[in-house]
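Trainee: This is work.cif, which holds mmCIF, C-alpha atoms:
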```cif
data_input
loop_
_atom_site.group_PDB
_atom_site.id
_atom_site.type_symbol
_atom_site.label_atom_id
_atom_site.label_comp_id
_atom_site.auth_asym_id
_atom_site.auth_seq_id
_atom_site.Cartn_x
_atom_site.Cartn_y
_atom_site.Cartn_z
ATOM 1 C CA MET A 1 3.155 -15.145 -19.581
ATOM 2 C CA PHE A 2 0.063 -17.319 -19.355
ATOM 3 C CA SER A 3 -2.270 -18.209 -16.535
ATOM 4 C CA GLY A 4 -0.603 -20.754 -14.303
ATOM 5 C CA ASP A 5 2.944 -19.836 -15.338
ATOM 6 C CA PRO A 6 5.284 -19.669 -12.334
ATOM 7 C CA VAL A 7 6.392 -16.227 -11.207
ATOM 8 C CA HIS A 8 10.005 -16.239 -10.101
ATOM 9 C CA GLN A 9 10.519 -12.599 -9.239
ATOM 10 C CA ILE A 10 8.669 -9.309 -9.107
ATOM 11 C CA ILE A 11 10.674 -6.093 -9.015
ATOM 12 C CA GLY A 12 9.115 -2.730 -8.401
ATOM 13 C CA SER A 13 7.539 -0.392 -5.944
ATOM 14 C CA LEU A 14 4.033 -1.260 -4.887
ATOM 15 C CA SER A 15 3.475 2.167 -3.347
ATOM 16 C CA GLY A 16 4.988 5.307 -4.738
ATOM 17 C CA THR A 17 2.950 7.165 -2.138
ATOM 18 C CA LEU A 18 4.648 5.402 0.773
ATOM 19 C CA GLY A 19 8.044 5.924 -0.844
ATOM 20 C CA TYR A 20 7.371 9.637 -1.190
ATOM 21 C CA VAL A 21 6.000 9.944 2.351
ATOM 22 C CA MET A 22 8.943 8.088 3.885
ATOM 23 C CA SER A 23 11.473 10.168 1.927
ATOM 24 C CA GLU A 24 9.891 13.374 3.198
ATOM 25 C CA VAL A 25 9.757 12.086 6.783
ATOM 26 C CA GLU A 26 13.427 11.035 6.580
ATOM 27 C CA GLU A 27 14.208 14.658 5.706
ATOM 28 C CA GLY A 28 12.699 15.653 9.052
ATOM 29 C CA LYS A 29 9.252 16.781 7.990
ATOM 30 C CA PRO A 30 6.373 15.881 10.334
ATOM 31 C CA LEU A 31 4.328 12.907 9.140
ATOM 32 C CA SER A 32 1.033 14.743 9.579
ATOM 33 C CA GLN A 33 2.190 17.598 7.356
ATOM 34 C CA VAL A 34 3.631 15.239 4.746
ATOM 35 C CA VAL A 35 0.361 13.291 4.565
ATOM 36 C CA LYS A 36 -1.635 16.516 4.243
ATOM 37 C CA ASP A 37 0.671 17.783 1.472
ATOM 38 C CA THR A 38 0.705 14.420 -0.286
ATOM 39 C CA LYS A 39 -3.093 14.278 -0.275
ATOM 40 C CA SER A 40 -3.345 17.832 -1.642
ATOM 41 C CA LEU A 41 -0.990 16.807 -4.486
ATOM 42 C CA GLY A 42 -3.356 13.943 -5.304
ATOM 43 C CA TYR A 43 -0.777 11.225 -4.566
ATOM 44 C CA THR A 44 -2.814 9.323 -1.974
ATOM 45 C CA GLU A 45 -5.880 7.158 -2.140
ATOM 46 C CA PRO A 46 -9.061 9.145 -1.381
ATOM 47 C CA ASP A 47 -8.579 8.073 2.243
ATOM 48 C CA PRO A 48 -4.814 8.343 2.973
ATOM 49 C CA ARG A 49 -5.186 5.793 5.772
ATOM 50 C CA ASP A 50 -5.498 3.138 3.038
ATOM 51 C CA ASP A 51 -1.961 3.994 1.927
ATOM 52 C CA LEU A 52 -0.539 4.356 5.431
ATOM 53 C CA ALA A 53 -2.077 1.078 6.623
ATOM 54 C CA GLY A 54 -0.773 -0.800 3.582
ATOM 55 C CA LEU A 55 -4.258 -1.539 2.238
ATOM 56 C CA ASP A 56 -3.414 -0.226 -1.223
ATOM 57 C CA VAL A 57 -0.318 -2.458 -1.307
ATOM 58 C CA ALA A 58 -2.374 -5.426 -0.092
ATOM 59 C CA ARG A 59 -4.868 -4.877 -2.905
ATOM 60 C CA LYS A 60 -2.051 -4.800 -5.459
ATOM 61 C CA VAL A 61 -0.557 -8.007 -4.065
ATOM 62 C CA GLN A 62 -4.013 -9.562 -4.250
ATOM 63 C CA CYS A 63 -4.175 -8.685 -7.957
ATOM 64 C CA ILE A 64 -0.644 -9.917 -8.628
ATOM 65 C CA LEU A 65 -1.407 -13.238 -6.948
ATOM 66 C CA GLY A 66 -4.711 -13.528 -8.792
ATOM 67 C CA ILE A 67 -6.777 -13.767 -5.624
ATOM 68 C CA PRO A 68 -10.377 -12.950 -6.490
ATOM 69 C CA CYS A 69 -11.986 -10.185 -4.497
ATOM 70 C CA SER A 70 -14.770 -11.393 -2.255
ATOM 71 C CA PRO A 71 -16.283 -10.177 1.000
ATOM 72 C CA ARG A 72 -14.009 -12.641 2.833
ATOM 73 C CA THR A 73 -10.783 -11.369 1.214
ATOM 74 C CA LYS A 74 -11.902 -7.780 1.799
ATOM 75 C CA ARG A 75 -12.250 -8.604 5.513
ATOM 76 C CA MET A 76 -8.859 -10.323 5.521
ATOM 77 C CA ILE A 77 -7.176 -7.335 3.890
ATOM 78 C CA GLY A 78 -9.049 -4.914 6.138
ATOM 79 C CA ASN A 79 -7.819 -6.783 9.217
ATOM 80 C CA LEU A 80 -4.145 -6.823 8.291
ATOM 81 C CA ALA A 81 -1.965 -5.755 11.188
ATOM 82 C CA VAL A 82 1.738 -5.110 11.343
ATOM 83 C CA LYS A 83 3.461 -6.564 14.365
ATOM 84 C CA SER A 84 5.881 -4.220 16.081
ATOM 85 C CA PRO A 85 9.511 -5.340 16.031
ATOM 86 C CA GLU A 86 10.549 -6.707 19.403
#
```
Translate this structure into structure tokens?

Mentor:
Amino acid sequence: MFSGDPVHQIIGSLSGTLGYVMSEVEEGKPLSQVVKDTKSLGYTEPDPRDDLAGLDVARKVQCILGIPCSPRTKRMIGNLAVKSPE
């Protein structure tokens, strides 16, 4: 693959942490306890809110898309919001 080549498909998990957390929550464990345990295992970012808010995933997508990191893109990523399903 070279710079400028089209990407047709990307397969993979962009957040093993979120996968782990969601699996534990699906088993009935409280989210707060799962996050605490996950952090103690060293699975999360230093601030677990980055994982839970999707910031770590957004950073990975930024890298995959080749978007350079600048103060503007940091603000854009930091302001990402997920709309609740209606």

Trainee: Using all atoms listed in the file, which of the listed residues (A:Tyr20, A:Val25, A:Asp56, A:Gln9) sits closest to Lys39 of chain A?

Mentor: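 The closest residue to Lys39 of chain A is A:Tyr20.
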
Trainee: Ranking A:Tyr43, A:Ala53, A:Ala58, A:Cys63 by minimum distance to Thr17 of chain A and counting all atoms listed in the file, which one comes first?

Mentor: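 Ranked by minimum distance to Thr17 of chain A, first place goes to A:Tyr43.
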
Trainee: Would you compute the distance between atom CA of Gly19 of chain A and atom CA of Pro48 of chain A? Give it in Å to one decimal.

Mentor: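 These two atoms are separated by 13.6 Å.
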
Trainee: Can you turn the PyMOL selection byres ((chain A and resi 50) around 12) into a concrete residue list for this file, as a PDB file with C-alpha atoms, in the coordinates of the input?

Mentor:
```
ATOM      1  CA  SER A  15       3.475   2.167  -3.347  1.00  0.00           C
ATOM      2  CA  THR A  17       2.950   7.165  -2.138  1.00  0.00           C
ATOM      3  CA  LEU A  18       4.648   5.402   0.773  1.00  0.00           C
ATOM      4  CA  VAL A  35       0.361  13.291   4.565  1.00  0.00           C
ATOM      5  CA  LYS A  39      -3.093  14.278  -0.275  1.00  0.00           C
ATOM      6  CA  THR A  44      -2.814   9.323  -1.974  1.00  0.00           C
ATOM      7  CA  GLU A  45      -5.880   7.158  -2.140  1.00  0.00           C
ATOM      8  CA  PRO A  46      -9.061   9.145  -1.381  1.00  0.00           C
ATOM      9  CA  ASP A  47      -8.579   8.073   2.243  1.00  0.00           C
ATOM     10  CA  PRO A  48      -4.814   8.343   2.973  1.00  0.00           C
ATOM     11  CA  ARG A  49      -5.186   5.793   5.772  1.00  0.00           C
ATOM     12  CA  ASP A  51      -1.961   3.994   1.927  1.00  0.00           C
ATOM     13  CA  LEU A  52      -0.539   4.356   5.431  1.00  0.00           C
ATOM     14  CA  ALA A  53      -2.077   1.078   6.623  1.00  0.00           C
ATOM     15  CA  GLY A  54      -0.773  -0.800   3.582  1.00  0.00           C
ATOM     16  CA  LEU A  55      -4.258  -1.539   2.238  1.00  0.00           C
ATOM     17  CA  ASP A  56      -3.414  -0.226  -1.223  1.00  0.00           C
ATOM     18  CA  VAL A  57      -0.318  -2.458  -1.307  1.00  0.00           C
ATOM     19  CA  ALA A  58      -2.374  -5.426  -0.092  1.00  0.00           C
ATOM     20  CA  ARG A  59      -4.868  -4.877  -2.905  1.00  0.00           C
ATOM     21  CA  ILE A  77      -7.176  -7.335   3.890  1.00  0.00           C
ATOM     22  CA  GLY A  78      -9.049  -4.914   6.138  1.00  0.00           C
ATOM     23  CA  ASN A  79      -7.819  -6.783   9.217  1.00  0.00           C
ATOM     24  CA  LEU A  80      -4.145  -6.823   8.291  1.00  0.00           C
TER      25      LEU A  80
END
```

Trainee: Mind working out the centre and edge lengths of an axis-aligned box for segment 12-18 of chain A, all listed atoms inside, 6 Å added to each side, rounded to one decimal in Å and written as AutoDock Vina command-line options?

Mentor:
```
--center_x 6.0 --center_y 2.2 --center_z -3.8 --size_x 18.2 --size_y 21.9 --size_z 21.2
```

Trainee: Work out how far apart atom CA of Lys36 of chain A and atom CA of Val61 of chain A are and give it in Å to one decimal.

Mentor: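 Interatomic distance, atom CA of Lys36 of chain A to atom CA of Val61 of chain A: 25.9 Å.
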